[in-house]
Structures are given as C-alpha cells and as structure tokens.
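Text of structure_10.cif, listed as mmCIF, C-alpha atoms:
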```
data_structure
loop_
_atom_site.label_atom_id
_atom_site.label_comp_id
_atom_site.auth_asym_id
_atom_site.auth_seq_id
_atom_site.Cartn_x
_atom_site.Cartn_y
_atom_site.Cartn_z
CA MET I 6 -19.85 -9.16 -2.12
CA PRO I 7 -23.38 -8.47 -3.39
CA SER I 8 -24.57 -7.65 0.13
CA LEU I 9 -22.04 -4.80 0.38
CA VAL I 10 -23.17 -3.45 -3.00
CA VAL I 11 -26.77 -3.45 -1.79
CA ARG I 12 -25.74 -1.71 1.44
CA MET I 13 -24.00 1.04 -0.51
CA LEU I 14 -27.11 1.54 -2.64
CA ARG I 15 -29.19 1.80 0.53
CA HIS I 16 -26.80 4.41 1.88
CA GLY I 17 -27.27 6.30 -1.39
CA ARG I 18 -31.08 6.42 -0.96
CA LEU I 19 -32.05 5.96 -4.59
CA GLY I 20 -35.51 7.01 -5.73
CA GLU I 21 -37.75 7.03 -8.78
CA GLY I 22 -36.72 9.62 -11.35
CA LEU I 23 -33.42 10.45 -9.64
CA SER I 24 -30.22 10.31 -11.68
CA VAL I 25 -27.52 8.07 -10.22
CA LEU I 26 -23.77 7.91 -10.78
CA ASP I 27 -22.06 4.62 -9.95
CA LEU I 28 -18.41 5.50 -9.45
CA GLY I 29 -16.15 2.47 -9.88
CA THR I 30 -17.78 0.26 -12.51
CA GLY I 31 -15.90 -2.94 -11.69
CA SER I 32 -17.88 -5.90 -12.98
CA GLY I 33 -21.03 -3.77 -13.33
CA GLY I 34 -22.93 -5.34 -10.45
CA LEU I 35 -23.93 -2.14 -8.66
CA THR I 36 -24.86 -0.56 -12.00
CA ALA I 37 -27.13 -3.50 -12.79
CA TYR I 38 -28.86 -3.38 -9.40
CA ALA I 39 -29.42 0.38 -9.68
CA ALA I 40 -30.72 0.09 -13.25
CA ARG I 41 -33.21 -2.62 -12.27
CA ARG I 42 -34.34 -0.50 -9.33
CA ILE I 43 -34.90 2.89 -10.99
CA GLY I 44 -34.50 2.28 -14.74
CA ASP I 45 -31.33 2.16 -16.81
CA GLN I 46 -32.03 5.56 -18.38
CA HIS I 47 -31.32 7.14 -14.96
CA VAL I 48 -28.03 5.34 -14.30
CA THR I 49 -24.49 6.28 -15.32
CA SER I 50 -21.45 4.15 -14.46
CA LEU I 51 -17.96 5.68 -14.49
CA ASP I 52 -14.54 4.07 -14.28
CA VAL I 53 -11.00 5.14 -15.15
CA ASP I 54 -10.42 1.80 -16.92
CA SER I 55 -11.92 1.61 -20.42
CA HIS I 56 -11.65 -2.18 -20.43
CA LEU I 57 -13.95 -2.37 -17.39
CA THR I 58 -16.56 -0.01 -18.79
CA ARG I 59 -16.60 -1.83 -22.15
CA ALA I 60 -16.78 -5.28 -20.56
CA ALA I 61 -19.51 -4.25 -18.12
CA GLY I 62 -21.49 -2.63 -20.92
CA LYS I 63 -21.43 -5.83 -22.98
CA ARG I 64 -22.21 -7.96 -19.93
CA LEU I 65 -25.24 -5.90 -18.93
CA ALA I 66 -26.49 -5.58 -22.52
CA GLN I 67 -26.75 -9.37 -22.63
CA LEU I 68 -29.16 -9.05 -19.69
CA GLY I 69 -31.19 -6.38 -21.43
CA ILE I 70 -29.79 -3.57 -19.24
CA HIS I 71 -28.50 -0.46 -21.02
CA PRO I 72 -27.23 2.24 -18.63
CA HIS I 73 -24.76 4.90 -19.74
CA PHE I 74 -21.05 4.14 -19.31
CA VAL I 75 -18.31 6.78 -19.07
CA THR I 76 -14.55 6.31 -19.02
CA ALA I 77 -12.91 9.15 -17.07
CA ASP I 78 -10.60 9.92 -14.17
CA ALA I 79 -13.05 11.07 -11.50
CA THR I 80 -10.28 12.90 -9.63
CA GLU I 81 -9.94 15.21 -12.64
CA ARG I 82 -13.29 15.28 -14.46
CA VAL I 83 -16.81 13.98 -13.90
CA PRO I 84 -19.14 14.71 -16.82
CA GLY I 85 -22.76 15.47 -15.98
CA THR I 86 -24.76 16.26 -12.86
CA TYR I 87 -26.39 13.66 -10.62
CA ASP I 88 -28.94 13.50 -7.82
CA ARG I 89 -27.21 10.52 -6.22
CA ILE I 90 -23.57 9.41 -6.31
CA VAL I 91 -22.57 6.01 -4.94
CA SER I 92 -18.85 5.25 -4.95
CA THR I 93 -17.27 1.85 -4.46
CA VAL I 94 -13.74 3.23 -4.53
CA GLY I 95 -11.95 5.18 -1.82
CA LEU I 96 -12.02 8.80 -2.95
CA PRO I 97 -9.10 11.07 -2.05
CA ALA I 98 -10.16 13.91 0.23
CA GLY I 99 -9.08 17.33 -1.00
CA THR I 100 -8.49 18.38 -4.60
CA GLY I 101 -9.17 14.87 -5.94
CA LEU I 102 -12.70 15.01 -4.52
CA ARG I 103 -13.65 18.38 -6.07
CA PRO I 104 -14.79 17.12 -9.50
CA LEU I 105 -17.20 14.66 -7.92
CA LEU I 106 -18.61 17.27 -5.55
CA GLY I 107 -19.14 19.54 -8.54
CA ALA I 108 -21.12 16.78 -10.28
CA LEU I 109 -23.48 16.35 -7.30
CA ALA I 110 -26.65 18.37 -7.77
CA PRO I 111 -27.81 20.73 -4.98
CA GLY I 112 -29.95 18.66 -2.66
CA GLY I 113 -28.23 15.51 -3.91
CA ARG I 114 -26.71 12.76 -1.79
CA ILE I 115 -23.35 11.02 -1.89
CA ALA I 116 -22.27 7.73 -0.31
CA THR I 117 -18.57 6.84 -0.46
CA THR I 118 -15.48 5.74 1.40
CA LEU I 119 -12.49 8.06 1.68
CA GLY I 120 -8.94 7.20 0.65
CA ARG I 121 -7.30 4.55 2.82
CA THR I 122 -10.02 4.69 5.45
CA CYS I 123 -12.83 2.15 5.71
CA LEU I 124 -15.35 4.81 6.71
CA ILE I 125 -18.59 5.07 4.74
CA VAL I 126 -19.43 8.78 4.56
CA THR I 127 -22.88 9.96 3.47
CA GLY I 128 -24.14 13.49 3.08
CA TRP I 129 -26.52 15.92 1.38
CA LYS I 130 -25.31 18.84 -0.74
CA HIS I 131 -26.41 22.26 0.51
CA ALA I 132 -26.94 25.39 -1.56
CA ASN I 133 -23.55 26.81 -0.47
CA GLY I 134 -21.76 23.79 -1.93
CA ASP I 135 -21.06 22.06 1.38
CA VAL I 136 -21.93 18.39 1.73
CA VAL I 137 -23.10 17.71 5.27
CA GLY I 138 -23.72 14.28 6.73
CA ARG I 139 -22.10 11.65 8.89
CA VAL I 140 -19.93 8.60 9.12
CA GLU I 141 -22.30 5.64 8.96
CA HIS I 142 -22.29 2.87 11.57
CA ASP I 143 -21.02 0.61 8.81
CA MET I 144 -17.62 0.09 7.18
CA ALA I 145 -16.22 -1.02 3.82
CA GLY I 146 -12.75 -1.73 2.47
CA PHE I 147 -12.69 -0.50 -1.12
CA MET I 148 -9.62 0.08 -3.28
CA ALA I 149 -8.42 3.65 -3.55
CA THR I 150 -9.00 5.60 -6.76
CA ARG I 151 -6.26 5.57 -9.36
CA SER I 152 -5.30 7.88 -12.19
CA GLY I 153 -4.12 6.55 -15.53
CA ASP I 154 -3.10 2.95 -16.06
CA ASP I 155 -1.86 2.07 -12.58
CA TYR I 156 -1.69 3.02 -8.93
CA PRO I 157 1.16 5.12 -7.52
CA PRO I 158 4.15 2.96 -6.53
CA GLU I 159 4.32 1.78 -2.93
CA LEU I 160 7.10 2.92 -0.63
CA THR I 161 9.04 -0.27 -1.40
CA GLU I 162 12.51 0.91 -0.43
CA LEU I 163 11.26 2.33 2.86
CA PHE I 164 9.51 -0.97 3.64
CA THR I 165 12.82 -2.76 3.05
CA THR I 166 14.49 -0.39 5.51
CA ALA I 167 11.73 -0.93 8.04
CA ARG I 168 12.05 -4.70 7.82
CA THR I 169 15.84 -4.92 8.07
CA THR I 170 17.29 -1.88 9.87
CA ASP I 171 17.75 -1.01 13.53
CA GLY I 172 15.79 2.10 14.38
CA GLU I 173 17.04 5.33 15.89
CA ASP I 174 14.51 4.72 18.67
CA VAL I 175 14.23 1.21 20.15
CA SER I 176 11.72 0.38 22.86
CA THR I 177 9.27 -2.23 24.15
CA GLY I 178 5.70 -1.73 23.04
CA ARG I 179 2.72 -1.73 25.36
CA TYR I 180 0.27 -3.73 23.24
CA PRO I 181 0.60 -6.91 21.12
CA VAL I 182 1.46 -6.61 17.44
CA VAL I 183 -1.63 -5.94 15.32
CA ASP I 184 -2.33 -6.23 11.60
CA VAL I 185 -3.19 -2.56 11.14
CA ALA I 186 -4.40 -2.83 7.54
CA ASN I 187 -7.09 -5.33 8.54
CA SER I 188 -8.08 -3.56 11.76
CA TRP I 189 -10.46 -1.23 9.99
CA GLU I 190 -11.38 1.18 12.75
CA LEU I 191 -7.77 1.53 13.90
CA ARG I 192 -6.58 1.96 10.32
CA SER I 193 -9.20 4.65 9.68
CA MET I 194 -8.32 6.60 12.81
CA LEU I 195 -4.64 6.48 11.86
CA GLU I 196 -5.42 7.85 8.40
CA LEU I 197 -7.14 10.83 10.01
CA THR I 198 -4.29 11.24 12.49
CA VAL I 199 -1.29 10.72 10.16
CA PRO I 200 -2.57 10.61 6.55
CA GLY I 201 -0.55 8.60 4.07
CA MET I 202 0.72 5.72 6.21
CA GLU I 203 1.18 2.33 4.55
CA PHE I 204 1.21 -0.99 6.39
CA ALA I 205 2.67 -4.49 6.09
CA TYR I 206 2.16 -7.51 8.33
CA GLU I 207 3.70 -10.98 8.54
CA GLU I 208 3.02 -13.94 10.82
CA LEU I 209 5.43 -16.89 10.88
CA ASN I 210 4.73 -20.51 11.78
CA ASP I 211 6.44 -20.08 15.15
CA GLY I 212 3.92 -17.38 16.11
CA THR I 213 6.22 -14.42 15.49
CA ARG I 214 4.19 -11.46 14.29
CA THR I 215 5.78 -8.42 12.66
CA ALA I 216 4.10 -5.20 11.61
CA CYS I 217 5.83 -2.49 9.57
CA LEU I 218 4.58 1.05 9.05
CA VAL I 219 6.00 3.63 6.64
CA HIS I 220 5.14 7.21 5.73
CA PRO I 221 6.05 9.37 2.71
CA ASP I 222 7.98 11.75 4.97
CA GLY I 223 10.55 8.97 5.54
CA SER I 224 9.29 7.78 8.91
CA TRP I 225 9.11 4.06 9.54
CA ALA I 226 8.44 1.65 12.39
CA ARG I 227 8.70 -2.10 13.00
CA ALA I 228 7.11 -4.01 15.87
CA SER I 229 7.83 -7.72 16.33
CA ALA I 230 6.94 -10.28 18.99
CA VAL I 231 5.81 -13.86 19.50
CA TRP I 232 2.03 -13.94 19.65
CA THR I 233 0.77 -11.60 22.43
CA ASP I 234 4.15 -10.82 24.01
CA PRO I 235 5.14 -7.13 24.28
CA PRO I 236 6.86 -6.29 20.99
CA GLU I 237 10.32 -4.93 20.36
CA VAL I 238 9.76 -1.67 18.51
CA HIS I 239 12.18 0.07 16.14
CA GLN I 240 11.34 3.55 14.84
CA SER I 241 13.07 6.22 12.76
CA GLY I 242 12.20 9.48 11.05
CA PRO I 243 10.35 12.66 12.02
CA ARG I 244 7.29 10.75 13.27
CA LYS I 245 7.15 7.90 15.76
CA LEU I 246 4.58 5.83 13.89
CA TRP I 247 4.22 2.92 16.32
CA THR I 248 3.88 5.40 19.19
CA THR I 249 0.94 6.91 17.29
CA VAL I 250 -0.60 3.45 16.90
CA GLU I 251 -0.30 2.83 20.63
CA ARG I 252 -1.89 6.18 21.48
CA VAL I 253 -4.91 5.31 19.34
CA ARG I 254 -5.12 1.81 20.85
CA ASN I 255 -4.88 3.27 24.33
CA ARG I 256 -7.84 5.56 23.58
CA LEU I 257 -9.81 2.60 22.25
CA ASN I 258 -9.07 0.56 25.37
CA THR I 259 -9.79 3.45 27.73
CA GLU I 260 -13.02 4.69 26.15
CA GLY I 261 -14.27 1.44 24.60
CA SER I 262 -14.57 2.96 21.13
CA LEU I 263 -13.10 5.56 18.80
CA PRO I 264 -15.04 8.72 17.84
CA LEU I 265 -15.39 7.71 14.19
CA LEU I 266 -18.63 5.86 13.57
CA GLY I 267 -21.53 8.28 13.86
CA ALA I 268 -19.29 11.35 13.62
CA ARG I 269 -20.60 14.45 11.88
CA VAL I 270 -18.97 15.23 8.52
CA ARG I 271 -18.82 18.46 6.53
CA ILE I 272 -17.14 18.40 3.12
CA GLY I 273 -16.39 21.83 1.69
CA PRO I 274 -16.33 22.62 -2.05
CA ASP I 275 -12.53 22.37 -1.77
CA GLY I 276 -12.92 18.66 -0.99
CA VAL I 277 -11.51 18.88 2.54
CA CYS I 278 -13.47 16.64 4.93
CA HIS I 279 -14.07 17.91 8.47
CA PHE I 280 -15.07 15.40 11.16
CA SER I 281 -16.45 16.12 14.62
CA ARG I 282 -17.97 14.22 17.50
CA GLY I 283 -18.21 15.69 20.98
CA GLY I 284 -14.91 17.41 21.65
CA TRP I 285 -13.07 15.49 18.92
CA ARG I 286 -12.15 17.20 15.65
CA ALA I 287 -10.19 16.06 12.59
CA SER I 288 -9.77 17.09 8.97
CA LEU I 289 -8.67 15.10 5.93
CA GLY I 290 -7.55 16.51 2.59
CA ASP I 291 -5.08 18.88 1.06
CA GLY I 292 -7.49 21.67 0.19
#
```

Write out the structure in this file as structure tokens.
Amino acid sequence: MPSLVVRMLRHGRLGEGLSVLDLGTGSGGLTAYAARRIGDQHVTSLDVDSHLTRAAGKRLAQLGIHPHFVTADATERVPGTYDRIVSTVGLPAGTGLRPLLGALAPGGRIATTLGRTCLIVTGWKHANGDVVGRVEHDMAGFMATRSGDDYPPELTELFTTARTTDGEDVSTGRYPVVDVANSWELRSMLELTVPGMEFAYEELNDGTRTACLVHPDGSWARASAVWTDPPEVHQSGPRKLWTTVERVRNRLNTEGSLPLLGARVRIGPDGVCHFSRGGWRASLGDG
C-alpha cells in the first residue's frame, strides 16, 4: 500500500538535513521514498530480519539508492540517534519501546502504531525524555514487532477450548457478532482496556457468524449467531471478554464515537503510553 507508506512519512514530518530511521524495512519501499526525499545519506532502515535488510539493500542499490541498513531487534537495541523515526510495525508499549525512545533525539518526532492497536501515534521528544503528541485521525494495521526468528506462539489450545467448550457463563448477547480483529477502532479500544486479547472469526455459508476471544490469563469467550440475530455467548475465566466487547460497543453506540482518535498521548522514558481525552484516561505498557 504505497499510499499508506506516504501517509506515515507525512506523519513523520521529514525535512532537509534531518536523520530518519525507518523501522521495519520490509521490501524497502518507505526507505526508498525517504531517501529520494531527503537524500540517502540521511536515511537508516532497521529490521530484525537480516534477509529483508540484505534483499532491500540490493533492490535499492539497483535503483541507485544507498541508505544505511541495520539488522537489530528494536525492542532490545537501536544503534544511533535520529531526528525522525517512522515505524511500520506495531511497537510494544513499555519496556520494548524504551530502546527506540532512547534513539530519538531531543526535539525529534516519532510516528508509529502500538502493539495490537491500529492507532497511529505521533509525538515530539521533550528535554525530560517524554514524548508528547496525539493519536492521529488516521489508522493503520501493521504487524507487531517480533524478536528473533519468529513471533510468539498464539494461544492455540485456548482457542480450541473457546471454539468447542460450554462456558461457565452462558447468556444472550445484546449486539450482533462482529469480526473484532477487522473492526479497527473497537479492536484498539479493547487493547487499551484489556491488553493482550487475541481474536478469531468465522462466517459459514448459512450465515452463522462466530467470534472467539482469548486472553493470556486463561479467559475466553465465544459468541455465535445467524447474521444479525442476538448471539449465544459462552464465557469462562477471570475476565468476561465478550461483556467487555459489549460495553465498548455500547459506548460507541451511545456517544457516536470512541475517545481514541485525537486523544492526547504522553510516552514516558519507561515506554508506558498514557492516553487522555476529556475525562477519559488509559495507559498501555508494562513499565
């Protein structure tokens, strides 16, 4: 999606003579755009996957573009200091964000998504180390960062339980079944409310829609119904996950929007992200 890459660069507010870190090399597209815009000597591209950095380096060299490529795990180490950081991976709030914040120069600007959310967060780094900005009125669905050769395993066994087991709590839901993972604003609000949830969704030819939610603490929920009928809901564990979904949907229906887009954001040097808008407050990250 070249248009999304360009939007992220615009959020980063590149400028002549400013050093730029492209976090998440991928195919090298964002790196190439940035290098053409401000000069390849000012651009560094970082990825955890050495194959991607090598391949992108060769690809861009064939176009006469020679930025600097680095292979590193950005959740552990980010070499160098940069005036602008543009990330096309979902960075983990908390300790995994600290190395990147340390690599952002005072007065510098970052543009990134966070973890499993689809929120694009931008901010300027202050002298005290805080990054202060906002959630943009724009969204993006990037992959989360990974460490090493692969992503952490999904909660496969808990998903199997959620799909096949009767819950401790059985009820009729208020709203139709929704594909949470592809409902970006809802998904983002849930990540701020109950961080760590994972989602699955299935729609059969007869119109039956089933959504499953699981959490690392062992909680799970399943909601199933034909099309827009009220779903039968099964839930187990310390959290009632589908009840949380319905609370968020009720707020959306009552107020017409969620307090995410346009919210103020402060990211401390510890990597914890603090959100606020009006009377609403939320924090994300392990500190």

- Message: One decimal, in Å: what's the spacing between atom CA of I:Arg168 and atom CA of I:Leu257?
- Response: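 Separation of atom CA of I:Arg168 and atom CA of I:Leu257: 27.2 Å.
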
- Counting all atoms listed in the file, the option among I:Gln240, I:Arg271, I:Thr177, I:Pro264 closest to I:Gly283: I:Pro264

- Pick the closest to I:Gly290 from I:Thr76, I:Thr100, I:Gln67, I:Ser229: which is it, counting only C-alpha atoms? I:Thr100

- What residues come out when you apply the PyMOL selection byres ((chain I and resi 171-174) around 9) to this file, written as a list in words?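 Applied to this file, the PyMOL selection byres ((chain I and resi 171-174) around 9) selects Thr166, Ala167, Arg168, Thr169, Thr170, Val175, Ser176, Trp225, Ala226, Arg227, Val238, His239, Gln240, Ser241, Gly242 and Lys245 of chain I.
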
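What the PyMOL selection byres ((chain I and resi 40-52) around 7) picks from this file is Gly20, Glu21, Gly22, Leu23, Ser24, Val25, Leu26, Asp27, Leu28, Gly29, Thr30, Thr36, Ala37, Tyr38, Ala39, Val53, Asp54, Thr58, Ile70, His71, Pro72, His73, Phe74, Val75, Thr76 and Ala77 of chain I.
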
- Task: For atom CA of I:Met148 and atom CA of I:Arg282, quote the distance in Å rounded to one decimal.
- Result: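 Calculated distance between atom CA of I:Met148 and atom CA of I:Arg282 is 26.5 Å.
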
- Message: Under the rule that all atoms listed in the file are counted, which of I:Thr127, I:Thr198, I:Thr117, I:Thr233 is the nearest residue to I:Arg252?
- Response: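 Once distances to I:Arg252 are computed over all atoms listed in the file, the minimum belongs to I:Thr198.
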
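Shell of I:Arg139 at 9 Å, with only C-alpha atoms counted and residues fewer than 2 places along the chain excluded, is Ile125, Val126, Thr127, Gly128, Val137, Glu141, Leu266, Gly267, Ala268, Arg269, Val270, Arg271 and Phe280 of chain I.
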
Go ahead and write the residues just picked, C-alpha atoms, as a PDB file, keeping the file's coordinate frame.
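The new file part_15.pdb reads:
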```pdb
ATOM      1  CA  ILE I 125     -18.590   5.070   4.740  1.00  0.00           C
ATOM      2  CA  VAL I 126     -19.430   8.780   4.560  1.00  0.00           C
ATOM      3  CA  THR I 127     -22.880   9.960   3.470  1.00  0.00           C
ATOM      4  CA  GLY I 128     -24.140  13.490   3.080  1.00  0.00           C
ATOM      5  CA  VAL I 137     -23.100  17.710   5.270  1.00  0.00           C
ATOM      6  CA  GLU I 141     -22.300   5.640   8.960  1.00  0.00           C
ATOM      7  CA  LEU I 266     -18.630   5.860  13.570  1.00  0.00           C
ATOM      8  CA  GLY I 267     -21.530   8.280  13.860  1.00  0.00           C
ATOM      9  CA  ALA I 268     -19.290  11.350  13.620  1.00  0.00           C
ATOM     10  CA  ARG I 269     -20.600  14.450  11.880  1.00  0.00           C
ATOM     11  CA  VAL I 270     -18.970  15.230   8.520  1.00  0.00           C
ATOM     12  CA  ARG I 271     -18.820  18.460   6.530  1.00  0.00           C
ATOM     13  CA  PHE I 280     -15.070  15.400  11.160  1.00  0.00           C
TER      14      PHE I 280
END
```

- re atom CA of I:Gly101 and atom CA of I:Asn133: distance 19.5 Å

Once the PyMOL selection byres ((chain I and resi 196) around 12) is applied to the coordinates I shared, what remains selected? I want it as a short mmCIF file (atom, residue, chain, number, x, y, z; two decimals) with C-alpha atoms, keeping the file's coordinate frame.
```cif
data_model
loop_
_atom_site.label_atom_id
_atom_site.label_comp_id
_atom_site.auth_asym_id
_atom_site.auth_seq_id
_atom_site.Cartn_x
_atom_site.Cartn_y
_atom_site.Cartn_z
CA PRO I 97 -9.10 11.07 -2.05
CA ALA I 98 -10.16 13.91 0.23
CA LEU I 119 -12.49 8.06 1.68
CA GLY I 120 -8.94 7.20 0.65
CA ARG I 121 -7.30 4.55 2.82
CA THR I 122 -10.02 4.69 5.45
CA CYS I 123 -12.83 2.15 5.71
CA LEU I 124 -15.35 4.81 6.71
CA VAL I 185 -3.19 -2.56 11.14
CA ALA I 186 -4.40 -2.83 7.54
CA TRP I 189 -10.46 -1.23 9.99
CA GLU I 190 -11.38 1.18 12.75
CA LEU I 191 -7.77 1.53 13.90
CA ARG I 192 -6.58 1.96 10.32
CA SER I 193 -9.20 4.65 9.68
CA MET I 194 -8.32 6.60 12.81
CA LEU I 195 -4.64 6.48 11.86
CA LEU I 197 -7.14 10.83 10.01
CA THR I 198 -4.29 11.24 12.49
CA VAL I 199 -1.29 10.72 10.16
CA PRO I 200 -2.57 10.61 6.55
CA GLY I 201 -0.55 8.60 4.07
CA MET I 202 0.72 5.72 6.21
CA GLU I 203 1.18 2.33 4.55
CA PHE I 204 1.21 -0.99 6.39
CA HIS I 220 5.14 7.21 5.73
CA LEU I 246 4.58 5.83 13.89
CA THR I 249 0.94 6.91 17.29
CA VAL I 250 -0.60 3.45 16.90
CA VAL I 253 -4.91 5.31 19.34
CA LEU I 265 -15.39 7.71 14.19
CA ALA I 287 -10.19 16.06 12.59
CA SER I 288 -9.77 17.09 8.97
CA LEU I 289 -8.67 15.10 5.93
CA GLY I 290 -7.55 16.51 2.59
#
```

- Message: Using all atoms listed in the file, can you tell me which of I:Thr118, I:Asn255, I:Ser188, I:Ser224 comes closest to I:Phe164?
- Response: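 Checking each of I:Thr118, I:Asn255, I:Ser188, I:Ser224 against I:Phe164, counting all atoms listed in the file, the winner is I:Ser224.
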
Given 3 Å on each side, where is the centre and what are the edge lengths in Å to one decimal of the axis-aligned box enclosing the listed atoms of stretch 200-207 of chain I, as JSON?
```
{"center_x": 0.6, "center_y": -0.2, "center_z": 6.3, "size_x": 12.3, "size_y": 27.6, "size_z": 10.5}
```
